[in-house]
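K.L.:
Below you'll find target_37.csv; it's CSV, C-alpha atoms and all ligand atoms.
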chain,number,residue,atom,x,y,z
A,1,MET,CA,54.5,-46.4,-22.9
A,2,LYS,CA,52.6,-47.2,-26.1
A,3,GLU,CA,53.8,-45.7,-29.4
A,4,GLN,CA,51.4,-43.4,-31.3
A,5,VAL,CA,51.4,-42.3,-34.9
A,6,PHE,CA,50.4,-38.9,-36.4
A,7,SER,CA,50.3,-38.0,-40.0
A,8,LYS,CA,52.7,-35.1,-40.6
A,9,SER,CA,50.0,-32.7,-41.5
A,10,ASP,CA,48.0,-33.6,-38.4
A,11,TRP,CA,51.1,-33.3,-36.2
A,12,LEU,CA,51.6,-29.8,-37.4
A,13,LYS,CA,48.0,-28.9,-36.8
A,14,ARG,CA,48.3,-30.2,-33.2
A,15,LEU,CA,51.4,-28.2,-32.6
A,16,ARG,CA,49.8,-25.0,-33.9
A,17,ALA,CA,46.9,-25.6,-31.6
A,18,LEU,CA,49.3,-25.9,-28.7
A,19,ALA,CA,51.3,-22.9,-29.7
A,20,GLY,CA,48.7,-20.6,-28.0
A,21,SER,CA,49.7,-21.9,-24.5
A,22,THR,CA,53.2,-23.1,-25.0
A,23,ARG,CA,56.2,-21.5,-26.8
A,24,ILE,CA,56.9,-24.2,-29.3
A,25,TYR,CA,60.3,-24.1,-30.9
A,26,VAL,CA,60.6,-25.9,-34.3
A,27,PRO,CA,63.4,-26.1,-36.9
A,28,VAL,CA,62.9,-23.7,-39.7
A,29,LYS,CA,64.8,-23.5,-43.0
A,30,GLY,CA,66.6,-20.2,-43.3
A,31,PRO,CA,68.3,-18.8,-46.4
A,32,GLU,CA,71.4,-21.0,-45.7
A,33,LEU,CA,70.8,-22.9,-42.4
A,34,HIS,CA,68.2,-24.4,-40.3
A,35,VAL,CA,67.4,-22.5,-37.1
A,36,PHE,CA,65.0,-23.0,-34.2
A,37,ARG,CA,62.1,-20.5,-34.2
A,38,ILE,CA,58.9,-20.1,-32.2
A,39,LEU,CA,56.0,-21.6,-34.1
A,40,GLY,CA,53.7,-18.7,-35.0
A,41,GLU,CA,51.9,-17.2,-37.9
A,42,GLY,CA,54.0,-17.5,-41.1
A,43,VAL,CA,56.5,-19.9,-39.5
A,44,GLU,CA,56.8,-23.2,-41.4
A,45,PRO,CA,58.7,-26.0,-39.6
A,46,ASP,CA,61.0,-28.2,-41.6
A,47,PHE,CA,61.7,-31.4,-39.8
A,48,ASP,CA,63.6,-32.8,-42.8
A,49,TYR,CA,67.0,-31.5,-41.6
A,50,ARG,CA,70.2,-32.9,-40.3
A,51,ASN,CA,70.8,-30.4,-37.5
A,52,THR,CA,71.0,-26.6,-36.8
A,53,ARG,CA,74.4,-25.0,-36.8
A,54,LEU,CA,73.8,-23.3,-33.4
A,55,SER,CA,72.5,-25.9,-30.9
A,56,PRO,CA,69.1,-25.4,-29.3
A,57,LYS,CA,71.0,-25.0,-26.0
A,58,ALA,CA,70.6,-21.3,-26.9
A,59,ILE,CA,66.8,-21.6,-26.2
A,60,ILE,CA,67.4,-22.5,-22.5
A,61,TYR,CA,70.6,-20.6,-22.1
A,62,PRO,CA,70.7,-17.6,-24.5
A,63,PRO,CA,74.0,-16.4,-25.9
A,64,SER,CA,73.3,-13.0,-24.4
A,65,GLU,CA,70.7,-12.4,-21.7
A,66,ARG,CA,69.8,-9.4,-19.6
A,67,LEU,CA,69.6,-10.5,-16.0
A,68,PHE,CA,69.3,-7.3,-14.0
A,69,GLU,CA,68.5,-3.7,-14.7
A,70,CYS,CA,68.7,-0.5,-12.7
A,71,SER,CA,68.0,3.2,-13.0
A,72,LEU,CA,71.0,5.5,-13.1
A,73,ASP,CA,68.8,8.6,-12.7
A,74,GLU,CA,69.7,10.2,-9.4
A,75,LYS,CA,66.2,11.6,-9.1
A,76,ASP,CA,64.8,8.1,-9.1
A,77,PRO,CA,64.5,6.7,-5.5
A,78,ALA,CA,65.5,3.3,-6.9
A,79,CYS,CA,68.7,4.7,-8.5
A,80,ASN,CA,71.6,2.2,-8.6
A,81,ILE,CA,69.4,-0.6,-7.2
A,82,PHE,CA,69.5,-3.7,-9.5
A,83,LYS,CA,66.3,-5.5,-10.0
A,84,GLU,CA,65.8,-8.8,-11.9
A,85,VAL,CA,64.5,-8.3,-15.4
A,86,ASP,CA,61.0,-9.8,-16.0
A,87,LYS,CA,61.1,-13.0,-18.0
A,88,ASP,CA,58.6,-14.8,-20.1
A,89,ARG,CA,57.6,-17.8,-18.0
A,90,THR,CA,55.3,-19.4,-20.6
A,91,PRO,CA,56.1,-23.2,-20.8
A,92,LEU,CA,58.4,-24.2,-23.6
A,93,ALA,CA,58.7,-27.1,-25.9
A,94,ILE,CA,61.6,-27.8,-28.3
A,95,VAL,CA,60.1,-30.0,-31.0
A,96,GLY,CA,62.5,-31.8,-33.3
A,97,ILE,CA,65.6,-31.5,-31.1
A,98,ARG,CA,68.2,-34.1,-32.1
A,99,PRO,CA,69.1,-36.7,-29.4
A,100,CYS,CA,72.8,-35.5,-29.3
A,101,ASP,CA,71.6,-32.0,-28.4
A,102,ALA,CA,69.2,-33.3,-25.7
A,103,HIS,CA,72.2,-35.3,-24.3
A,104,GLY,CA,74.2,-32.0,-24.5
A,105,LEU,CA,71.5,-30.3,-22.3
A,106,GLY,CA,72.0,-33.1,-19.7
A,107,ILE,CA,75.7,-32.3,-19.6
A,108,VAL,CA,75.2,-28.6,-19.2
A,109,GLN,CA,72.5,-29.3,-16.5
A,110,ARG,CA,75.3,-30.7,-14.3
A,111,ASN,CA,76.9,-27.3,-14.2
A,112,PHE,CA,73.8,-25.2,-13.7
A,113,ASP,CA,71.7,-27.4,-11.4
A,114,ASN,CA,73.7,-29.2,-8.7
A,115,PRO,CA,73.8,-29.4,-4.9
A,116,GLU,CA,76.3,-26.5,-4.8
A,117,TYR,CA,74.7,-24.2,-7.3
A,118,LYS,CA,71.3,-23.7,-8.9
A,119,ASP,CA,71.3,-21.2,-11.6
A,120,PRO,CA,67.8,-19.6,-11.4
A,121,TRP,CA,67.5,-18.7,-15.1
A,122,TRP,CA,68.6,-22.1,-16.3
A,123,VAL,CA,66.5,-24.0,-13.8
A,124,SER,CA,63.3,-22.2,-14.4
A,125,ARG,CA,63.6,-22.5,-18.2
A,126,PHE,CA,64.8,-26.0,-18.2
A,127,GLU,CA,62.1,-27.2,-15.9
A,128,SER,CA,59.3,-25.6,-17.9
A,129,CYS,CA,60.7,-27.1,-21.2
A,130,THR,CA,59.5,-30.3,-22.8
A,131,LEU,CA,62.0,-31.9,-25.1
A,132,ILE,CA,60.4,-33.6,-28.1
A,133,GLY,CA,63.3,-35.4,-29.9
A,134,LEU,CA,63.5,-36.4,-33.5
A,135,GLY,CA,65.6,-39.5,-34.1
A,136,CYS,CA,68.3,-39.1,-36.7
A,137,SER,CA,67.5,-41.2,-39.7
A,138,SER,CA,70.6,-40.0,-41.6
A,139,PRO,CA,73.5,-39.1,-39.3
A,140,GLY,CA,76.4,-37.3,-41.0
A,141,SER,CA,80.0,-38.5,-41.4
A,142,THR,CA,81.0,-36.2,-38.5
A,143,CYS,CA,78.4,-37.5,-36.1
A,144,PHE,CA,79.7,-39.8,-33.3
A,145,CYS,CA,76.9,-39.8,-30.7
A,146,SER,CA,77.0,-43.5,-30.1
A,147,SER,CA,80.6,-43.5,-28.9
A,148,VAL,CA,79.9,-40.9,-26.2
A,149,GLY,CA,76.9,-42.6,-24.5
A,150,GLY,CA,74.1,-41.5,-26.9
A,151,GLY,CA,72.8,-42.7,-30.2
A,152,PRO,CA,70.7,-41.5,-33.2
A,153,PHE,CA,67.6,-42.7,-31.4
A,154,SER,CA,68.7,-42.3,-27.8
A,155,GLU,CA,66.0,-41.3,-25.4
A,156,LYS,CA,68.5,-39.7,-23.0
A,157,MET,CA,67.0,-36.4,-21.5
A,158,LEU,CA,64.0,-36.6,-23.9
A,159,ASP,CA,60.4,-36.4,-22.9
A,160,VAL,CA,59.2,-37.8,-26.3
A,161,LEU,CA,61.1,-39.5,-29.1
A,162,LEU,CA,59.8,-39.2,-32.7
A,163,TRP,CA,60.6,-41.5,-35.6
A,164,ASP,CA,60.2,-40.1,-39.1
A,165,LEU,CA,58.4,-42.8,-41.0
A,166,GLY,CA,57.9,-40.8,-44.3
A,167,ASP,CA,54.4,-39.4,-44.2
A,168,GLN,CA,54.0,-40.1,-40.5
A,169,PHE,CA,55.7,-39.6,-37.2
A,170,MET,CA,55.7,-42.3,-34.6
A,171,ALA,CA,55.9,-40.9,-31.1
A,172,ARG,CA,56.9,-42.6,-27.8
A,173,ALA,CA,56.5,-40.7,-24.6
A,174,VAL,CA,59.6,-41.3,-22.4
A,175,THR,CA,58.6,-39.3,-19.3
A,176,GLN,CA,55.3,-38.2,-17.7
A,177,LYS,CA,56.0,-34.7,-19.0
A,178,GLY,CA,56.1,-36.2,-22.5
A,179,GLU,CA,53.0,-38.2,-21.9
A,180,THR,CA,51.2,-35.0,-20.9
A,181,PHE,CA,52.4,-33.2,-24.0
A,182,LEU,CA,51.0,-35.9,-26.2
A,183,VAL,CA,47.7,-35.9,-24.4
A,184,GLN,CA,47.5,-32.1,-24.7
A,185,ALA,CA,48.3,-32.5,-28.4
A,186,GLY,CA,45.2,-34.7,-28.6
A,187,GLY,CA,47.0,-38.1,-28.9
A,188,GLY,CA,47.5,-40.1,-32.0
A,189,ALA,CA,46.4,-43.5,-33.2
A,190,GLU,CA,48.1,-46.5,-31.5
A,191,ALA,CA,51.1,-47.6,-33.7
A,192,ASP,CA,50.6,-50.9,-35.4
A,193,GLN,CA,53.2,-53.6,-36.1
A,194,VAL,CA,53.9,-52.1,-39.6
A,195,ALA,CA,54.8,-48.7,-38.1
A,196,LYS,CA,57.0,-50.3,-35.4
A,197,LYS,CA,58.8,-52.5,-37.9
A,198,LYS,CA,59.5,-49.5,-40.1
A,199,ALA,CA,60.8,-47.6,-37.1
A,200,GLU,CA,63.2,-50.4,-36.3
A,201,GLU,CA,64.5,-50.5,-39.9
A,202,VAL,CA,65.1,-46.7,-39.8
A,203,GLU,CA,67.0,-47.1,-36.6
A,204,LYS,CA,69.2,-49.9,-38.0
A,205,SER,CA,70.0,-48.0,-41.1
A,206,ALA,CA,70.9,-44.9,-39.1
A,207,ALA,CA,73.3,-46.8,-36.9
A,208,LYS,CA,75.2,-48.0,-40.0
A,209,ARG,CA,75.7,-44.4,-41.3
A,210,LEU,CA,77.4,-43.0,-38.2
A,211,GLY,CA,80.9,-41.6,-38.7
A,212,ARG,CA,83.9,-42.9,-36.8
A,213,GLY,CA,83.6,-42.6,-33.0
A,214,ILE,CA,86.0,-41.5,-30.4
A,215,SER,CA,87.9,-43.5,-27.9
A,216,ALA,CA,88.1,-42.0,-24.4
A,217,ASP,CA,87.9,-45.1,-22.2
A,218,ARG,CA,91.5,-44.9,-21.0
A,219,ILE,CA,91.7,-41.2,-20.3
A,220,ARG,CA,90.0,-41.4,-16.9
A,221,GLY,CA,92.7,-43.8,-15.7
A,222,LYS,CA,95.6,-41.5,-16.8
A,223,LYS,CA,97.3,-39.0,-14.5
A,224,ILE,CA,96.3,-35.3,-15.2
A,225,ASN,CA,100.0,-34.2,-15.3
A,226,ASP,CA,100.9,-36.8,-17.9
A,227,LEU,CA,98.1,-35.6,-20.2
A,228,PHE,CA,98.7,-32.0,-19.4
A,229,ASN,CA,102.5,-32.2,-20.2
A,230,ALA,CA,102.0,-34.5,-23.2
A,231,SER,CA,104.2,-33.6,-26.2
A,232,TYR,CA,101.3,-33.4,-28.8
A,233,TRP,CA,99.6,-30.2,-27.7
A,234,GLU,CA,101.9,-27.8,-29.7
A,235,ASP,CA,101.2,-30.0,-32.7
A,236,VAL,CA,97.4,-30.0,-32.2
A,237,ALA,CA,97.3,-26.2,-31.5
A,238,PHE,CA,99.6,-25.2,-34.4
A,239,ALA,CA,96.7,-24.5,-36.9
A,240,CYS,CA,94.2,-23.1,-34.4
A,241,ILE,CA,93.3,-19.5,-35.0
A,242,ASN,CA,91.4,-19.1,-31.6
A,243,CYS,CA,88.2,-18.2,-33.5
A,244,GLY,CA,85.9,-19.8,-30.8
A,245,THR,CA,83.7,-21.5,-33.4
A,246,CYS,CA,84.1,-24.8,-31.6
A,247,THR,CA,82.9,-23.5,-28.3
A,248,TYR,CA,80.1,-21.3,-29.6
A,249,LEU,CA,78.5,-24.1,-31.6
A,250,CYS,CA,79.0,-26.7,-28.9
A,251,PRO,CA,75.8,-27.9,-27.1
A,252,THR,CA,77.9,-28.8,-24.1
A,253,CYS,CA,79.9,-25.7,-23.4
A,254,TRP,CA,78.6,-23.5,-20.6
A,255,CYS,CA,81.1,-20.7,-19.9
A,256,PHE,CA,79.9,-17.1,-19.6
A,257,ASP,CA,81.0,-13.6,-18.7
A,258,ILE,CA,78.9,-11.0,-16.9
A,259,GLN,CA,79.1,-7.4,-18.3
A,260,ASP,CA,77.5,-4.2,-17.0
A,261,GLU,CA,76.3,-1.9,-19.8
A,262,VAL,CA,75.1,1.7,-19.5
A,263,PHE,CA,72.4,3.1,-21.8
A,264,GLY,CA,71.7,6.7,-21.0
A,265,LYS,CA,70.2,6.7,-17.6
A,266,THR,CA,69.7,3.0,-17.3
A,267,GLY,CA,72.1,0.1,-16.7
A,268,ASP,CA,71.9,-3.6,-17.5
A,269,ARG,CA,73.7,-6.5,-16.2
A,270,ILE,CA,74.1,-9.0,-19.1
A,271,ARG,CA,75.3,-12.5,-19.2
A,272,ASN,CA,77.1,-13.5,-22.5
A,273,TRP,CA,78.5,-16.8,-23.6
A,274,ASP,CA,82.3,-16.7,-23.4
A,275,SER,CA,85.0,-19.0,-24.8
A,276,CYS,CA,88.1,-20.6,-23.3
A,277,MET,CA,89.7,-20.2,-26.7
A,278,PHE,CA,89.8,-16.4,-26.4
A,279,PRO,CA,92.9,-14.7,-24.8
A,280,LEU,CA,90.7,-12.4,-22.6
A,281,PHE,CA,88.9,-15.4,-21.1
A,282,THR,CA,91.5,-15.8,-18.3
A,283,LEU,CA,93.0,-12.2,-18.2
A,284,HIS,CA,93.2,-11.2,-14.6
A,285,GLY,CA,92.6,-7.6,-13.4
A,286,SER,CA,96.4,-7.4,-12.6
A,287,GLY,CA,97.2,-7.9,-16.3
A,288,HIS,CA,98.5,-11.4,-15.6
A,289,ASN,CA,97.1,-14.1,-17.9
A,290,PRO,CA,97.7,-17.7,-16.9
A,291,ARG,CA,96.7,-18.9,-20.4
A,292,ASP,CA,98.2,-16.3,-22.7
A,293,LYS,CA,99.3,-18.8,-25.3
A,294,LYS,CA,96.9,-20.5,-27.7
A,295,VAL,CA,98.4,-23.9,-26.9
A,296,GLN,CA,97.3,-23.4,-23.3
A,297,ARG,CA,93.8,-22.5,-24.3
A,298,LEU,CA,93.4,-25.3,-26.7
A,299,ARG,CA,94.7,-27.8,-24.2
A,300,GLN,CA,92.2,-26.4,-21.6
A,301,ARG,CA,89.3,-27.0,-24.0
A,302,PHE,CA,90.2,-30.7,-24.6
A,303,MET,CA,91.4,-31.4,-21.1
A,304,HIS,CA,88.1,-30.0,-19.7
A,305,LYS,CA,85.9,-31.9,-22.1
A,306,LEU,CA,87.8,-35.2,-22.0
A,307,LYS,CA,89.6,-35.4,-18.7
A,308,TYR,CA,88.4,-32.9,-16.0
A,309,TYR,CA,84.7,-33.5,-16.6
A,310,GLN,CA,85.2,-37.2,-16.5
A,311,ASP,CA,87.1,-37.0,-13.3
A,312,LYS,CA,84.6,-34.7,-11.6
A,313,TYR,CA,81.4,-36.3,-12.6
A,314,ASN,CA,82.2,-39.9,-13.6
A,315,ALA,CA,79.6,-39.6,-16.3
A,316,GLY,CA,81.5,-39.9,-19.6
A,317,VAL,CA,83.0,-37.0,-21.5
A,318,GLN,CA,81.7,-33.5,-21.9
A,319,CYS,CA,80.8,-34.1,-25.5
A,320,SER,CA,77.6,-35.4,-27.1
A,321,GLY,CA,79.1,-36.3,-30.4
A,322,CYS,CA,77.1,-33.8,-32.5
A,323,GLY,CA,80.1,-33.2,-34.7
A,324,ARG,CA,79.6,-29.4,-35.0
A,325,CYS,CA,83.2,-28.6,-34.0
A,326,VAL,CA,84.6,-31.2,-36.4
A,327,GLN,CA,82.4,-29.9,-39.3
A,328,HIS,CA,82.9,-26.2,-38.7
A,329,CYS,CA,86.5,-25.7,-37.4
A,330,PRO,CA,88.1,-23.6,-40.2
A,331,VAL,CA,91.4,-25.5,-39.8
A,332,ASN,CA,90.0,-29.0,-39.4
A,333,ILE,CA,90.9,-29.7,-35.8
A,334,ASP,CA,89.1,-32.9,-35.0
A,335,ILE,CA,88.2,-33.8,-31.4
A,336,ARG,CA,88.1,-37.5,-32.4
A,337,GLU,CA,91.8,-37.4,-33.3
A,338,VAL,CA,92.7,-35.4,-30.1
A,339,ALA,CA,90.7,-37.9,-28.0
A,340,ASP,CA,92.6,-40.8,-29.7
A,341,ARG,CA,95.9,-39.2,-28.9
A,342,MET,CA,94.9,-38.6,-25.2
A,343,ASN,CA,93.5,-42.1,-24.9
A,344,ASN,CA,96.4,-43.9,-26.5
A,345,VAL,CA,99.6,-42.0,-26.1
A,401,LIG,S1,87.1,-23.8,-34.3
A,401,LIG,FE1,89.1,-24.7,-34.7
A,401,LIG,S2,90.4,-22.8,-35.1
A,401,LIG,FE2,88.5,-22.1,-34.1
A,401,LIG,S3,89.1,-22.0,-31.9
A,401,LIG,FE3,88.1,-24.0,-32.3
A,401,LIG,S4,89.9,-25.4,-32.7
A,401,LIG,FE4,90.6,-23.3,-32.9
A,402,LIG,S1,82.8,-31.1,-28.5
A,402,LIG,FE1,82.3,-30.9,-30.7
A,402,LIG,S2,81.3,-32.9,-31.2
A,402,LIG,FE2,81.4,-32.7,-28.9
A,402,LIG,S3,79.4,-31.8,-28.4
A,402,LIG,FE3,80.8,-30.1,-28.6
A,402,LIG,S4,80.6,-29.4,-30.7
A,402,LIG,FE4,79.6,-31.4,-30.6
In structure tokens, write the structure found in this file.

P.N.:
Amino acid sequence: MKEQVFSKSDWLKRLRALAGSTRIYVPVKGPELHVFRILGEGVEPDFDYRNTRLSPKAIIYPPSERLFECSLDEKDPACNIFKEVDKDRTPLAIVGIRPCDAHGLGIVQRNFDNPEYKDPWWVSRFESCTLIGLGCSSPGSTCFCSSVGGGPFSEKMLDVLLWDLGDQFMARAVTQKGETFLVQAGGGAEADQVAKKKAEEVEKSAAKRLGRGISADRIRGKKINDLFNASYWEDVAFACINCGTCTYLCPTCWCFDIQDEVFGKTGDRIRNWDSCMFPLFTLHGSGHNPRDKKVQRLRQRFMHKLKYYQDKYNAGVQCSGCGRCVQHCPVNIDIREVADRMNNV
């Protein structure tokens, strides 16, 4: 499909015009961090950002979501009968999503939309969402997307890919959905050779800035028990404080817990993100906990991401190389080092 260019001010005008019929999420600069917000009055997007701390996975799969509600009022004929909570079904677009986070959505998709299970909340939101990716011109030292099947300008899972060319964006529709989005946005001028050349240079320079990658090519061929019983886990887990930061920030983690909450005479069934790093995650009703030691929990996280997922899906590792866990782990546990140990020991 042909590339188009938009001046940045024009692009923003087009997005604002579309915002009436589509919930358009854009990166916005907060007091400390960039966050994704719905484009509306008073919301100023800032596309000049490296990445948000919390991944935009939270837009499709919210950290906490009411799924069902029921009346607990015994005079109500519908007392104790759960009904699904109404959802906003307006189409969505995430504009400015980084390629690593789009790749992350593809990984989570395998868990929520497969022949054995289709999660209705994930499926409806994901299908109504258009992903407008913004290529990374300046990847950080903790980014390693290229070594896990992505890249700073990877089109994986995206509907449109944007290149930041200074005062313009160059856009390429990757899917029909993306093509439709650009048509609805009014279309841009066809990109000339100068714009294309500039985009190529931006891409080349980005590839040089990437941090060190991970090696995971030999993990799939190793026996589960050999990796599980390896001697390095105590060493890796020593500093971990089980804070859960790594799993909460990760665009590829999908675990959740369901809680019933009572508010006066109404009850809600709520789905909340959960973390394999927390001791309660595997606590059985009997009181037995098969992972009551932090070394078991940490091992589970890495074994799942780097071994079990590979074995189950034969589609690479469960990591998109965004680097959030490397950057924000308070005790500097680095998945790249753990992968190297698993791969090479
Ligand atoms: S962020 Fe670091 S310290 Fe916190 S649970 Fe993850 S590995 Fe452990
Ligand atoms: S494991 Fe770490 S680097 Fe990989 S996708 Fe999750 S947060 Fe990003």

K.L.:
To one decimal in Å, tell me the separation between atom CA of A:Ser128 and atom CA of A:Thr90.

P.N.:
7.9 Å

K.L.:
Using 8 Å as the limit and counting only C-alpha atoms and all ligand atoms, can you tabulate each residue of chain A that touches ligand LIG 401 (chain A), with its shortest atom-to-atom distance in Å and the two atoms involved, as CSV?

P.N.:
residue,atom,partner,partner_atom,distance
A:Ala237,CA,A:LIG401,FE4,7.4
A:Ala239,CA,A:LIG401,S2,6.8
A:Cys240,CA,A:LIG401,S2,3.9
A:Ile241,CA,A:LIG401,S2,4.4
A:Asn242,CA,A:LIG401,S3,3.7
A:Cys243,CA,A:LIG401,FE2,4.0
A:Gly244,CA,A:LIG401,S3,4.0
A:Thr245,CA,A:LIG401,S1,4.2
A:Cys246,CA,A:LIG401,FE3,4.1
A:Thr247,CA,A:LIG401,FE3,6.6
A:Met277,CA,A:LIG401,S3,5.5
A:Phe278,CA,A:LIG401,S3,7.9
A:Leu298,CA,A:LIG401,S4,6.9
A:Cys325,CA,A:LIG401,S1,6.2
A:His328,CA,A:LIG401,S1,6.5
A:Cys329,CA,A:LIG401,S1,3.7
A:Pro330,CA,A:LIG401,S2,5.7
A:Val331,CA,A:LIG401,S2,5.5
A:Asn332,CA,A:LIG401,FE1,6.4
A:Ile333,CA,A:LIG401,S4,5.4
A:Asp334,CA,A:LIG401,S4,7.9

K.L.:
Set the distance at 10 Å and use only C-alpha atoms: which residues neighbour stretch 257-264 of chain A once local chain neighbours fewer than 5 positions away are removed? I'd like the list as a VMD selection string.

P.N.:
chain A and resid 64 to 73 269 to 275 281

K.L.:
Between A:Leu39, A:Ala315, A:Ala58, A:Leu161, single out the one closest to A:Lys2, counting only C-alpha atoms.

P.N.:
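Between A:Leu39, A:Ala315, A:Ala58, A:Leu161, the residue approaching A:Lys2 most closely is A:Leu161.
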
K.L.:
Collect all residues with atoms no farther than 10 Å from ligand LIG 402 (chain A), counting all atoms listed in the file, and output them as number ranges by chain.

P.N.:
A: 53-55, 100-101, 103-104, 107, 142-145, 148, 214, 245-253, 301-302, 305-306, 317-329, 334-336

K.L.:
Quick one: residues within 9 Å of (66.6, -30.8, -41.8) (file frame), counting all atoms listed in the file, please, as a compact mmCIF listing (two decimals) with C-alpha atoms, in the frame of the given file.

P.N.:
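Writing the result to point-v9.txt gives the following:
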# COMPACT_ATOMS: atom_id res chain seq x y z
CA PRO A 27 63.40 -26.10 -36.90
CA VAL A 28 62.90 -23.70 -39.70
CA LYS A 29 64.80 -23.50 -43.00
CA LEU A 33 70.80 -22.90 -42.40
CA HIS A 34 68.20 -24.40 -40.30
CA ASP A 46 61.00 -28.20 -41.60
CA PHE A 47 61.70 -31.40 -39.80
CA ASP A 48 63.60 -32.80 -42.80
CA TYR A 49 67.00 -31.50 -41.60
CA ARG A 50 70.20 -32.90 -40.30
CA ASN A 51 70.80 -30.40 -37.50
CA THR A 52 71.00 -26.60 -36.80

K.L.:
What is the distance between atom CA of A:Leu162 and atom CA of A:Val5, in Å to one decimal?

P.N.:
9.2 Å

K.L.:
Near A:Gly96, counting only C-alpha atoms, which residues have an atom at most 7 Å away, once you skip same-chain residues fewer than 2 positions from it, shown as a ChimeraX atom specification?

P.N.:
/A:26-27,47,94,98,132-134

K.L.:
So how far away is atom CA of A:Thr130 from atom CA of A:Lys177, in Å?

P.N.:
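The value is 6.8 Å.
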
K.L.:
Pick from A:Val183, A:Val194, A:Asp159, A:Ser146: nearest to A:Lys208, with all atoms listed in the file counted?

P.N.:
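Counting all atoms listed in the file, the residue closest to A:Lys208 is A:Ser146.
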
K.L.:
Which residue, A:Gly151, A:Met157, A:Glu3, A:Ala216, has the smallest gap to A:Gln310 when you use only C-alpha atoms?

P.N.:
A:Ala216

K.L.:
At a cut-off of 6 Å around the point (54.9, -37.0, -33.8) (file coordinates), what residues fall inside when counting all atoms listed in the file? I'd like the answer as a VMD selection string.

P.N.:
chain A and resid 6 11 162 169 to 171

K.L.:
For each of A:Thr175, A:Gln300, A:Thr266, A:Thr282, take the minimum atom-to-atom distance to A:Asp76, counting all atoms listed in the file, then give the residue where this is smallest.

P.N.:
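Of A:Thr175, A:Gln300, A:Thr266, A:Thr282, the one nearest A:Asp76 is A:Thr266, counting all atoms listed in the file.
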
K.L.:
Tell me which of A:Arg23, A:Pro139, A:Asp192, A:Leu210 sits closest to A:Arg125, counting only C-alpha atoms.

P.N.:
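Going through A:Arg23, A:Pro139, A:Asp192, A:Leu210 one by one, the smallest distance to A:Arg125 is for A:Arg23.
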
K.L.:
Give me the residues near A:Asp292 as a list in words, where near means some atom within 9 Å (using only C-alpha atoms) and where sequence neighbours in that chain fewer than 4 positions away do not count.

P.N.:
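Near neighbours after the sequence-gap exclusion: Pro279, Leu280, Thr282, Leu283, His288, Gln296 and Arg297 of chain A.
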
K.L.:
Excluding A:Phe126 and residues on its chain fewer than 4 positions from it, collect all residues at most 12 Å away from it, counting only C-alpha atoms, and give them as a list in words.

P.N.:
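Everything that qualifies: Pro56, Lys57, Ala58, Ile59, Ile60, Tyr61, Arg89, Thr90, Pro91, Leu92, Ala93, Ile94, Ala102, Leu105, Gly106, Val108, Gln109, Phe112, Asp113, Lys118, Asp119, Pro120, Trp121, Trp122, Thr130, Leu131 and Met157 of chain A.
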